[in-house]
Structures are given as structure tokens and as C-alpha cells.
$ cat target-v6.pdb   # PDB, C-alpha atoms
ATOM      1  CA  MET A   2      23.348 -18.280   8.868
ATOM      2  CA  TRP A   3      24.318 -15.024   7.173
ATOM      3  CA  GLU A   4      27.330 -15.021   4.934
ATOM      4  CA  PRO A   5      30.236 -12.829   6.069
ATOM      5  CA  ARG A   6      29.811  -9.453   4.430
ATOM      6  CA  GLY A   7      32.923  -9.758   2.296
ATOM      7  CA  ALA A   8      31.950 -13.216   1.052
ATOM      8  CA  ALA A   9      28.416 -12.062   0.309
ATOM      9  CA  VAL A  10      29.683  -9.157  -1.751
ATOM     10  CA  ARG A  11      32.092 -11.407  -3.667
ATOM     11  CA  THR A  12      29.176 -13.702  -4.450
ATOM     12  CA  ALA A  13      27.130 -10.744  -5.655
ATOM     13  CA  ALA A  14      30.008  -9.527  -7.787
ATOM     14  CA  LEU A  15      30.382 -12.903  -9.466
ATOM     15  CA  LEU A  16      26.690 -13.036 -10.230
ATOM     16  CA  LEU A  17      26.050  -9.459 -11.266
ATOM     17  CA  GLY A  18      29.296  -7.871 -12.287
ATOM     18  CA  ALA A  19      30.872  -4.881 -10.579
ATOM     19  CA  GLY A  20      28.597  -2.263 -12.099
ATOM     20  CA  ALA A  21      25.266  -3.818 -11.223
ATOM     21  CA  CYS A  22      26.292  -4.762  -7.691
ATOM     22  CA  TYR A  23      28.022  -1.507  -6.802
ATOM     23  CA  CYS A  24      25.107  -0.491  -4.594
ATOM     24  CA  LEU A  25      25.386  -3.851  -2.811
ATOM     25  CA  TRP A  26      29.077  -3.379  -2.246
ATOM     26  CA  ARG A  27      28.511   0.121  -0.918
ATOM     27  CA  LEU A  28      26.019  -0.996   1.720
ATOM     28  CA  ALA A  29      27.961  -4.064   2.818
ATOM     29  CA  ALA A  30      31.243  -2.151   2.951
ATOM     30  CA  GLY A  31      30.068  -0.165   5.902
ATOM     31  CA  GLY A  32      26.840   1.715   5.251
ATOM     32  CA  ARG A  33      25.623   4.251   2.780
ATOM     33  CA  ARG A  34      27.108   7.314   4.463
ATOM     34  CA  ALA A  35      30.579   5.935   5.016
ATOM     35  CA  ALA A  36      30.720   4.439   1.558
ATOM     36  CA  ALA A  37      29.659   7.693  -0.048
ATOM     37  CA  ALA A  38      32.653   9.408   1.525
ATOM     38  CA  ARG A  39      35.037   6.790   0.198
ATOM     39  CA  GLY A  40      33.563   6.364  -3.284
ATOM     40  CA  PRO A  41      33.678   3.124  -5.293
ATOM     41  CA  PRO A  42      36.764   0.927  -5.309
ATOM     42  CA  ALA A  43      39.349   1.843  -7.907
ATOM     43  CA  ASP A  44      38.889  -1.323  -9.954
ATOM     44  CA  SER A  45      35.082  -1.062 -10.166
ATOM     45  CA  SER A  46      33.243   0.317 -13.153
ATOM     46  CA  PRO A  47      30.667   3.072 -12.503
ATOM     47  CA  PRO A  48      27.237   1.945 -11.322
ATOM     48  CA  VAL A  49      24.717   1.451 -14.073
ATOM     49  CA  SER A  50      21.257   3.001 -14.094
ATOM     50  CA  THR A  51      18.665   0.413 -13.108
ATOM     51  CA  HIS A  52      16.585   1.004 -16.239
ATOM     52  CA  THR A  53      19.498  -0.053 -18.447
ATOM     53  CA  MET A  54      19.727  -3.520 -16.870
ATOM     54  CA  ASP A  55      19.184  -6.201 -19.480
ATOM     55  CA  VAL A  56      17.358  -9.509 -19.103
ATOM     56  CA  ASP A  57      20.537 -11.299 -18.042
ATOM     57  CA  ALA A  58      21.305  -8.788 -15.283
ATOM     58  CA  LEU A  59      17.749  -8.913 -13.955
ATOM     59  CA  GLN A  60      17.808 -12.706 -13.965
ATOM     60  CA  LYS A  61      21.066 -12.776 -12.026
ATOM     61  CA  LEU A  62      19.649 -10.291  -9.542
ATOM     62  CA  ILE A  63      16.619 -12.523  -8.983
ATOM     63  CA  HIS A  64      18.876 -15.562  -8.588
ATOM     64  CA  LEU A  65      20.972 -13.625  -6.085
ATOM     65  CA  LEU A  66      17.858 -12.870  -4.078
ATOM     66  CA  GLN A  67      17.158 -16.599  -3.909
ATOM     67  CA  ALA A  68      20.740 -17.584  -3.117
ATOM     68  CA  THR A  69      21.715 -15.247  -0.278
ATOM     69  CA  ASP A  70      20.597 -15.153   3.344
ATOM     70  CA  ASP A  71      22.334 -11.851   4.014
ATOM     71  CA  PRO A  72      19.614  -9.256   4.716
ATOM     72  CA  LEU A  73      21.882  -6.414   3.543
ATOM     73  CA  ILE A  74      22.236  -8.044   0.135
ATOM     74  CA  GLN A  75      18.539  -8.963   0.038
ATOM     75  CA  GLU A  76      17.523  -5.414   0.862
ATOM     76  CA  GLN A  77      19.710  -3.831  -1.784
ATOM     77  CA  ALA A  78      18.739  -6.404  -4.423
ATOM     78  CA  LEU A  79      15.080  -5.610  -3.727
ATOM     79  CA  ILE A  80      15.748  -1.881  -3.996
ATOM     80  CA  THR A  81      17.405  -2.409  -7.374
ATOM     81  CA  LEU A  82      14.507  -4.553  -8.612
ATOM     82  CA  SER A  83      12.038  -1.995  -7.296
ATOM     83  CA  ASN A  84      13.798   0.841  -9.116
ATOM     84  CA  SER A  85      14.004  -1.151 -12.330
ATOM     85  CA  ALA A  86      10.259  -1.868 -12.082
ATOM     86  CA  ALA A  87       9.570   1.832 -12.564
ATOM     87  CA  PHE A  88      10.007   1.082 -16.289
ATOM     88  CA  SER A  89       7.171  -0.885 -17.912
ATOM     89  CA  VAL A  90       9.451  -3.055 -20.042
ATOM     90  CA  ASN A  91      11.202  -4.298 -16.898
ATOM     91  CA  GLN A  92       7.865  -5.103 -15.247
ATOM     92  CA  ASP A  93       7.191  -7.668 -17.955
ATOM     93  CA  ILE A  94      10.738  -9.028 -17.882
ATOM     94  CA  ILE A  95      10.687  -9.548 -14.120
ATOM     95  CA  ARG A  96       7.355 -11.350 -14.362
ATOM     96  CA  ASN A  97       8.570 -13.593 -17.171
ATOM     97  CA  LEU A  98      11.643 -14.478 -15.079
ATOM     98  CA  ASP A  99       9.381 -15.615 -12.216
ATOM     99  CA  GLY A 100      10.615 -12.653 -10.224
ATOM    100  CA  LEU A 101       7.195 -11.934  -8.723
ATOM    101  CA  SER A 102       7.106 -15.211  -6.800
ATOM    102  CA  VAL A 103      10.705 -14.736  -5.644
ATOM    103  CA  ILE A 104      10.019 -11.213  -4.401
ATOM    104  CA  GLY A 105       6.750 -12.374  -2.868
ATOM    105  CA  GLY A 106       8.671 -15.019  -0.983
ATOM    106  CA  MET A 107      10.545 -12.217   0.784
ATOM    107  CA  LEU A 108       7.298 -11.193   2.507
ATOM    108  CA  SER A 109       7.947 -14.038   4.954
ATOM    109  CA  ASN A 110      11.361 -12.634   5.851
ATOM    110  CA  CYS A 111      11.664 -11.805   9.544
ATOM    111  CA  VAL A 112      13.805  -8.694   8.914
ATOM    112  CA  PRO A 113      11.470  -5.655   8.696
ATOM    113  CA  LYS A 114      13.666  -3.769   6.217
ATOM    114  CA  VAL A 115      13.715  -6.723   3.820
ATOM    115  CA  LYS A 116       9.951  -7.145   4.109
ATOM    116  CA  GLU A 117       9.419  -3.430   3.501
ATOM    117  CA  LYS A 118      11.615  -3.435   0.386
ATOM    118  CA  ALA A 119       9.790  -6.517  -0.934
ATOM    119  CA  LEU A 120       6.469  -4.703  -0.507
ATOM    120  CA  ASN A 121       7.878  -1.638  -2.277
ATOM    121  CA  ALA A 122       9.082  -3.770  -5.181
ATOM    122  CA  LEU A 123       5.711  -5.502  -5.526
ATOM    123  CA  ASN A 124       4.035  -2.107  -5.359
ATOM    124  CA  ASN A 125       6.013  -0.851  -8.356
ATOM    125  CA  LEU A 126       5.450  -4.106 -10.191
ATOM    126  CA  SER A 127       1.691  -3.946  -9.556
ATOM    127  CA  MET A 128       1.329  -1.056 -12.007
ATOM    128  CA  ASN A 129       0.754  -3.769 -14.587
ATOM    129  CA  ILE A 130      -2.487  -5.757 -15.036
ATOM    130  CA  LYS A 131      -0.733  -9.033 -15.832
ATOM    131  CA  ASN A 132       1.512  -8.605 -12.820
ATOM    132  CA  GLN A 133      -1.513  -7.961 -10.616
ATOM    133  CA  GLU A 134      -2.913 -11.317 -11.660
ATOM    134  CA  GLU A 135       0.131 -12.968 -10.059
ATOM    135  CA  ILE A 136       0.600 -10.568  -7.142
ATOM    136  CA  GLN A 137      -3.000 -11.086  -5.992
ATOM    137  CA  VAL A 138      -2.025 -14.429  -4.439
ATOM    138  CA  PHE A 139      -0.096 -12.424  -1.819
ATOM    139  CA  ILE A 140      -2.948 -10.069  -0.850
ATOM    140  CA  THR A 141      -4.030 -12.069   2.204
ATOM    141  CA  GLN A 142      -0.432 -12.205   3.424
ATOM    142  CA  VAL A 143      -0.002  -8.469   2.819
ATOM    143  CA  CYS A 144      -3.170  -7.789   4.817
ATOM    144  CA  ARG A 145      -1.815  -9.881   7.699
ATOM    145  CA  THR A 146       1.456  -7.973   7.497
ATOM    146  CA  VAL A 147      -0.388  -4.646   7.721
ATOM    147  CA  GLU A 148      -2.323  -5.902  10.746
ATOM    148  CA  SER A 149       0.698  -7.279  12.606
ATOM    149  CA  ALA A 150       3.208  -4.521  11.805
ATOM    150  CA  PRO A 151       3.884  -1.818  14.406
ATOM    151  CA  LEU A 152       1.467   1.088  14.082
ATOM    152  CA  ASN A 153       2.651   3.712  11.562
ATOM    153  CA  SER A 154       5.747   1.684  10.696
ATOM    154  CA  ASP A 155       7.396   1.718   7.272
ATOM    155  CA  VAL A 156       6.345  -1.903   6.765
ATOM    156  CA  GLN A 157       2.717  -1.068   7.474
ATOM    157  CA  LEU A 158       2.758   1.901   5.107
ATOM    158  CA  ALA A 159       4.443  -0.139   2.381
ATOM    159  CA  GLY A 160       1.738  -2.785   2.719
ATOM    160  CA  LEU A 161      -1.007  -0.160   2.483
ATOM    161  CA  ARG A 162       0.559   1.319  -0.639
ATOM    162  CA  LEU A 163       0.523  -2.093  -2.302
ATOM    163  CA  LEU A 164      -3.087  -2.695  -1.251
ATOM    164  CA  THR A 165      -3.993   0.701  -2.706
ATOM    165  CA  ASN A 166      -2.719  -0.350  -6.126
ATOM    166  CA  MET A 167      -4.312  -3.773  -5.858
ATOM    167  CA  SER A 168      -7.705  -2.245  -4.983
ATOM    168  CA  VAL A 169      -7.889   0.231  -7.863
ATOM    169  CA  THR A 170     -10.116  -2.272  -9.659
ATOM    170  CA  SER A 171     -12.701  -4.389  -7.876
ATOM    171  CA  ASP A 172     -11.140  -7.681  -8.974
ATOM    172  CA  TYR A 173      -9.488  -8.447  -5.631
ATOM    173  CA  HIS A 174     -11.668  -6.573  -3.121
ATOM    174  CA  GLN A 175     -13.074  -9.804  -1.702
ATOM    175  CA  LYS A 176      -9.613 -10.745  -0.477
ATOM    176  CA  MET A 177      -9.559  -7.625   1.735
ATOM    177  CA  ILE A 178     -12.942  -7.981   3.455
ATOM    178  CA  ASN A 179     -11.558  -9.540   6.647
ATOM    179  CA  SER A 180      -9.118  -6.644   7.012
ATOM    180  CA  ILE A 181     -11.761  -3.894   6.999
ATOM    181  CA  PRO A 182     -11.781  -3.677  10.848
ATOM    182  CA  CYS A 183      -7.984  -3.302  10.749
ATOM    183  CA  PHE A 184      -8.181  -0.540   8.132
ATOM    184  CA  LEU A 185     -10.699   1.368  10.233
ATOM    185  CA  HIS A 186      -8.586   0.912  13.352
ATOM    186  CA  LEU A 187      -5.651   2.475  11.500
ATOM    187  CA  LEU A 188      -7.933   5.303  10.413
ATOM    188  CA  SER A 189      -8.755   6.011  14.056
ATOM    189  CA  GLU A 190      -5.336   5.469  15.627
ATOM    190  CA  GLY A 191      -2.769   6.157  12.921
ATOM    191  CA  THR A 192      -0.762   9.264  12.162
ATOM    192  CA  GLU A 193      -1.860  11.555   9.344
ATOM    193  CA  ARG A 194       0.420   9.700   6.938
ATOM    194  CA  THR A 195      -1.165   6.373   7.862
ATOM    195  CA  GLN A 196      -4.673   7.826   7.736
ATOM    196  CA  ILE A 197      -4.134   9.159   4.219
ATOM    197  CA  GLN A 198      -2.795   5.835   2.985
ATOM    198  CA  VAL A 199      -5.526   3.705   4.541
ATOM    199  CA  LEU A 200      -8.185   6.087   3.247
ATOM    200  CA  LYS A 201      -6.893   5.496  -0.281
ATOM    201  CA  VAL A 202      -7.672   1.798   0.215
ATOM    202  CA  LEU A 203     -11.062   2.511   1.806
ATOM    203  CA  VAL A 204     -12.091   4.894  -0.974
ATOM    204  CA  ASN A 205     -11.248   2.224  -3.550
ATOM    205  CA  LEU A 206     -13.247  -0.390  -1.642
ATOM    206  CA  SER A 207     -16.213   1.939  -1.128
ATOM    207  CA  ALA A 208     -16.484   2.558  -4.882
ATOM    208  CA  ASN A 209     -17.513  -1.096  -5.266
ATOM    209  CA  PRO A 210     -21.228  -1.633  -4.439
ATOM    210  CA  ALA A 211     -20.461  -5.240  -3.515
ATOM    211  CA  MET A 212     -18.412  -3.959  -0.569
ATOM    212  CA  THR A 213     -21.024  -1.516   0.748
ATOM    213  CA  ARG A 214     -22.613  -3.732   3.386
ATOM    214  CA  HIS A 215     -19.265  -5.001   4.635
ATOM    215  CA  LEU A 216     -18.123  -1.413   5.160
ATOM    216  CA  LEU A 217     -21.407  -0.145   6.646
ATOM    217  CA  ARG A 218     -21.387  -2.959   9.225
ATOM    218  CA  ALA A 219     -17.923  -2.011  10.450
ATOM    219  CA  GLN A 220     -17.622  -0.105  13.713
ATOM    220  CA  VAL A 221     -15.652   3.129  13.969
ATOM    221  CA  PRO A 222     -17.338   5.592  16.367
ATOM    222  CA  SER A 223     -14.648   8.219  15.783
ATOM    223  CA  LEU A 224     -15.313   8.424  12.024
ATOM    224  CA  VAL A 225     -17.455  11.536  12.358
ATOM    225  CA  LEU A 226     -14.495  13.403  13.897
ATOM    226  CA  LEU A 227     -12.713  13.366  10.531
ATOM    227  CA  PHE A 228     -15.331  15.673   9.018
ATOM    228  CA  ASP A 229     -13.936  18.857  10.481
ATOM    229  CA  ASN A 230     -12.568  22.101   9.073
ATOM    230  CA  CYS A 231      -9.355  21.625  11.070
ATOM    231  CA  ILE A 232      -8.560  18.202   9.595
ATOM    232  CA  ASN A 233      -5.693  17.824   7.141
ATOM    233  CA  ARG A 234      -7.125  18.519   3.667
ATOM    234  CA  ASP A 235      -5.793  15.260   2.177
ATOM    235  CA  ILE A 236      -7.544  13.301   4.922
ATOM    236  CA  LEU A 237     -10.751  15.319   4.693
ATOM    237  CA  ILE A 238     -11.090  14.983   0.911
ATOM    238  CA  ARG A 239     -10.704  11.213   1.083
ATOM    239  CA  ALA A 240     -12.994  10.824   4.107
ATOM    240  CA  LEU A 241     -15.694  12.752   2.234
ATOM    241  CA  ALA A 242     -15.183  10.634  -0.895
ATOM    242  CA  PHE A 243     -15.469   7.489   1.250
ATOM    243  CA  ALA A 244     -18.738   8.715   2.769
ATOM    244  CA  ALA A 245     -20.107   9.844  -0.609
ATOM    245  CA  ASN A 246     -19.394   6.460  -2.199
ATOM    246  CA  LEU A 247     -21.164   4.617   0.619
ATOM    247  CA  LYS A 248     -24.175   6.949   0.553
ATOM    248  CA  LYS A 249     -24.525   6.513  -3.193
ATOM    249  CA  SER A 250     -24.319   2.736  -3.043
ATOM    250  CA  MET A 251     -26.783   2.593  -0.165
ATOM    251  CA  ASN A 252     -29.275   4.822  -1.969
ATOM    252  CA  ASP A 253     -28.937   2.703  -5.107
ATOM    253  CA  GLU A 254     -29.565  -0.476  -3.127
ATOM    254  CA  GLU A 255     -33.136  -1.493  -2.402
ATOM    255  CA  GLY A 256     -34.368  -3.018   0.827
ATOM    256  CA  THR A 257     -31.690  -1.913   3.308
ATOM    257  CA  MET A 258     -32.356  -3.786   6.557
ATOM    258  CA  ILE A 259     -31.620  -1.455   9.472
ATOM    259  CA  GLU A 260     -31.568  -4.297  12.006
ATOM    260  CA  GLU A 261     -28.435  -5.779  10.437
ATOM    261  CA  TYR A 262     -26.361  -2.799  11.616
ATOM    262  CA  SER A 263     -25.208  -2.058  15.173
ATOM    263  CA  GLU A 264     -25.460   1.407  16.721
ATOM    264  CA  ASP A 265     -21.673   1.814  16.499
ATOM    265  CA  SER A 266     -21.609   0.977  12.818
ATOM    266  CA  ILE A 267     -20.679   3.284   9.961
ATOM    267  CA  PHE A 268     -24.285   2.952   8.781
ATOM    268  CA  PHE A 269     -25.606   4.675  11.917
ATOM    269  CA  THR A 270     -22.834   7.296  11.805
ATOM    270  CA  LEU A 271     -23.508   8.332   8.222
ATOM    271  CA  CYS A 272     -27.149   7.462   7.714
ATOM    272  CA  ARG A 273     -29.418   6.386  10.550
ATOM    273  CA  ASP A 274     -28.164   8.672  13.323
ATOM    274  CA  SER A 275     -27.013  11.392  10.995
ATOM    275  CA  ALA A 276     -27.575  14.608  12.985
ATOM    276  CA  PRO A 277     -23.904  15.052  14.101
ATOM    277  CA  PHE A 278     -22.731  14.135  10.597
ATOM    278  CA  ALA A 279     -25.209  16.541   8.984
ATOM    279  CA  GLN A 280     -24.063  19.357  11.269
ATOM    280  CA  ARG A 281     -20.458  18.804  10.314
ATOM    281  CA  LEU A 282     -21.312  18.707   6.618
ATOM    282  CA  ALA A 283     -23.147  22.021   6.958
ATOM    283  CA  SER A 284     -20.047  23.538   8.527
ATOM    284  CA  LEU A 285     -17.837  22.152   5.744
ATOM    285  CA  LEU A 286     -19.906  24.012   3.155
ATOM    286  CA  HIS A 287     -17.936  27.064   4.282
ATOM    287  CA  HIS A 288     -14.570  25.368   3.836
ATOM    288  CA  PRO A 289     -12.177  27.454   1.675
ATOM    289  CA  ASP A 290     -11.253  24.475  -0.533
ATOM    290  CA  THR A 291     -13.442  24.015  -3.610
ATOM    291  CA  GLU A 292     -12.962  20.250  -3.791
ATOM    292  CA  VAL A 293     -14.037  19.840  -0.173
ATOM    293  CA  LYS A 294     -17.242  21.767  -0.862
ATOM    294  CA  GLU A 295     -17.884  19.729  -4.014
ATOM    295  CA  GLN A 296     -17.628  16.471  -2.061
ATOM    296  CA  VAL A 297     -19.988  17.826   0.624
ATOM    297  CA  VAL A 298     -22.559  18.803  -2.015
ATOM    298  CA  ARG A 299     -22.198  15.349  -3.544
ATOM    299  CA  ILE A 300     -23.132  13.764  -0.214
ATOM    300  CA  LEU A 301     -26.005  16.149   0.534
ATOM    301  CA  THR A 302     -27.620  15.745  -2.871
ATOM    302  CA  GLN A 303     -27.746  11.929  -2.782
TER     303      GLN A 303
END
$ encode --input "target-v6.pdb" --output "C-alpha cells"
Amino acid sequence: MWEPRGAAVRTAALLLGAGACYCLWRLAAGGRRAAAARGPPADSSPPVSTHTMDVDALQKLIHLLQATDDPLIQEQALITLSNSAAFSVNQDIIRNLDGLSVIGGMLSNCVPKVKEKALNALNNLSMNIKNQEEIQVFITQVCRTVESAPLNSDVQLAGLRLLTNMSVTSDYHQKMINSIPCFLHLLSEGTERTQIQVLKVLVNLSANPAMTRHLLRAQVPSLVLLFDNCINRDILIRALAFAANLKKSMNDEEGTMIEEYSEDSIFFTLCRDSAPFAQRLASLLHHPDTEVKEQVVRILTQ
């Protein structure tokens, strides 16, 4: 059961001190907007900047996250940890305090806002190679979260942002293979914001030759529609980079077996049945954006 709001805030105050838990008090006291109008209580010290939190304060915040069942407190604690993780020194401290496993445990929380804030915190913490080595154990769970979350939801976008960071290197690409159909579904059905974010993941995956066949086998008949002068530039640039990476890897690979690909596959869209794709590329050579034209030339010259 959740603690009563007042009791939860008193617990937070005992653990963190008035300054560090001011943001928790503000939310639990009746919401951000109402609290902003009232200001902090007279006997509270001013809130401290998250980057000034010392090891003791961060440890108490992590312990608080473990101790409370109140989603309001969990959410605000995760926001504070996420903000503190913007500073590299705190990324190491949080890892050394076993904070990564505690935050990762919040991915199983049934409250969407808590799950979203946990993903955001892990995303900030993943800007660190040593942290990635620990966060990678959650990749499969993050992929499942992206698949099960409502389309275009904040939780889904937060999961995609984390997967983008975790796919910058090829170390953990294998953990995302089973989610390739989901990524391509989001590319076809998502809003522009979702399309941009999922393309960041797909571009990272496509840069790894070991992922080429997995991506070329995937089915997404609508892919060719992205290569259009009317498409959002951020989507178009990334779609072209995705196609260029796959073409390069395929050309570098010997002995491509056509029979292993279905007619609805990306392979047939970009390579085997390439007339519609080639026509669209020719049109994009007249695009006003220089980077778009450079990506088109990169594809055509491979």
C-alpha cells in the first residue's frame, strides 16, 4: 500500500534533509503548479542544485527509492537522480552505490510515470562505458517495455532514447535483434517524434555488419515512402543513412543468397526490386538540403 502523502514526505525529509527533498515535498503537497504558487515552507532551507549532492545525499536518495512505495516519491527521486547523472562524477558515484540496479528495478513498476522516469535516469547514466556494462542487463526488459507501451507514449520514447545510447557501440546489438520487427513497426506507424527516435536506433544497428542480414530480412513495405522530398528532414536524413549503411554492408559481403529474403523484405525494397527506390533517390538529388543530397550520392555510388 502507498504511504499517506504526509507520512511519505516526513520519511523523505528524515532521510534526505529539507533541502534535498524539497522537490519531493512540493509534488506531494499538492502538485507542481499549486506548490509553486505557495513556495517552500517557512522552516525549509532552499533547494539544493542536484549537481552539488554529495555521496551521502545520493546514497540516501537511493535508499529512499528502495524504501517507499509511493509513486509520487519514487517519481521525484528518479528525477533528482536523473538530473544529478548529468554530471560525470555523479554517474560513477551512483554506480558505486549500486544505484543502477535499484533504478533498473523500477522498470518493473506498474505506474507509467515511474517507469518513464527510471528509463530517463538510466539514459543519463548510460553516457558512461562502465555504467553501460551494468545497464546492458536491462536491455531485453527495455525492449519489451518499448513493444508493450502505448504507441508514441512517453514511456516508449524514453525506452527508445535509452536503446539509442546503448546501441552507439556494437557491444549490445545482439540483445536487440528480436525487437527489430517492433522497431520497424514503430517506423511505419509512429508519429514523427517516434520515427526520429527509432531511426536513431536503426541507424546504429545498421552500422554493424553483423546486423545486416537481420535487418534485410525484416519486412516493412512502407519503407520506400520515407524517401520523399516532403518528409521531415530529420526523418529523411536518418532513413537515408540507414539505407546507405545496409547497402554498404551488403556490397562488402560476399555470397548474398537472394532466396533467404521474402518479397516484402527490406532487401527487396532497397536492392532486388529497386526501381521505386531508385526513382525516389533520383528525385532527392534535387532536394535543397546538402546533407540529404550527400546521403543520396553515398547510396548511389556504392
$ resolve_selection --input "target-v6.pdb" --expression "the PyMOL selection byres ((chain A and resi 137) around 12)" --output "JSON, numbers by chain"
{"A": [101, 102, 105, 123, 124, 126, 127, 129, 130, 131, 132, 133, 134, 135, 136, 138, 139, 140, 141, 142, 143, 144, 163, 164, 166, 167, 168, 170, 171, 172, 173, 174, 175, 176, 177]}
$ atom_distance --input "target-v6.pdb" --atom1 "CA of Gln60 in chain A" --atom2 "CA of Gln92 in chain A"
12.6 Å
$ resolve_selection --input "target-v6.pdb" --expression "the PyMOL selection byres ((chain A and resi 103) around 9)" --output "VMD selection string"
chain A and resid 63 to 64 66 to 67 99 to 102 104 to 107
$ resolve_selection --input "target-v6.pdb" --expression "the PyMOL selection byres ((chain A and resi 196) around 10)" --output "VMD selection string"
chain A and resid 153 158 184 to 195 197 to 201 235 to 236 239 to 240
$ atom_distance --input "target-v6.pdb" --atom1 "CA of Lys248 in chain A" --atom2 "CA of Cys183 in chain A"
21.7 Å
$ atom_distance --input "target-v6.pdb" --atom1 "CA of Pro182 in chain A" --atom2 "CA of Ile267 in chain A"
11.3 Å
$ closest_residue --input "target-v6.pdb" --among "A:Arg273, A:Lys249, A:Arg214, A:Arg234" --to "Glu292 in chain A" --atoms "all atoms listed in the file"
A:Arg234
$ residues_around --input "target-v6.pdb" --residues "Lys116 in chain A" --least-positions-apart "5" --cutoff "10 Å" --atoms "only C-alpha atoms" --output "PyMOL selection string"
chain A and resi 72+75-76+79+104-111+121-122+146+155-156+159-160
$ residues_around --input "target-v6.pdb" --residues "Asn230 in chain A" --least-positions-apart "5" --cutoff "8 Å" --atoms "all atoms listed in the file" --output "list of chain:residue names"
A:Ser284, A:Leu285, A:His288
$ closest_residue --input "target-v6.pdb" --among "A:Ala68, A:Leu98, A:Leu203, A:Leu271" --to "Phe228 in chain A" --atoms "all atoms listed in the file"
A:Leu271
$ closest_residue --input "target-v6.pdb" --among "A:Asp265, A:Ala244, A:Ala58, A:Val147" --to "Pro222 in chain A" --atoms "only C-alpha atoms"
A:Asp265
$ residues_near_point --input "target-v6.pdb" --point "(14.2, 0.2, -13.7)" --cutoff "12 Å" --atoms "all atoms listed in the file" --output "PyMOL selection string"
chain A and resi 49-56+58-59+79-95+122+125-126
$ axis_aligned_box --input "target-v6.pdb" --around "range 272-282 of chain A" --padding-each-side "8 Å" --output "AutoDock Vina command-line options"
--center_x -24.9 --center_y 12.9 --center_z 10.4 --size_x 25.0 --size_y 29.0 --size_z 23.5
$ closest_residue --input "target-v6.pdb" --among "A:Glu148, A:Asp229, A:Glu117, A:Asp71" --to "Pro277 in chain A" --atoms "all atoms listed in the file"
A:Asp229
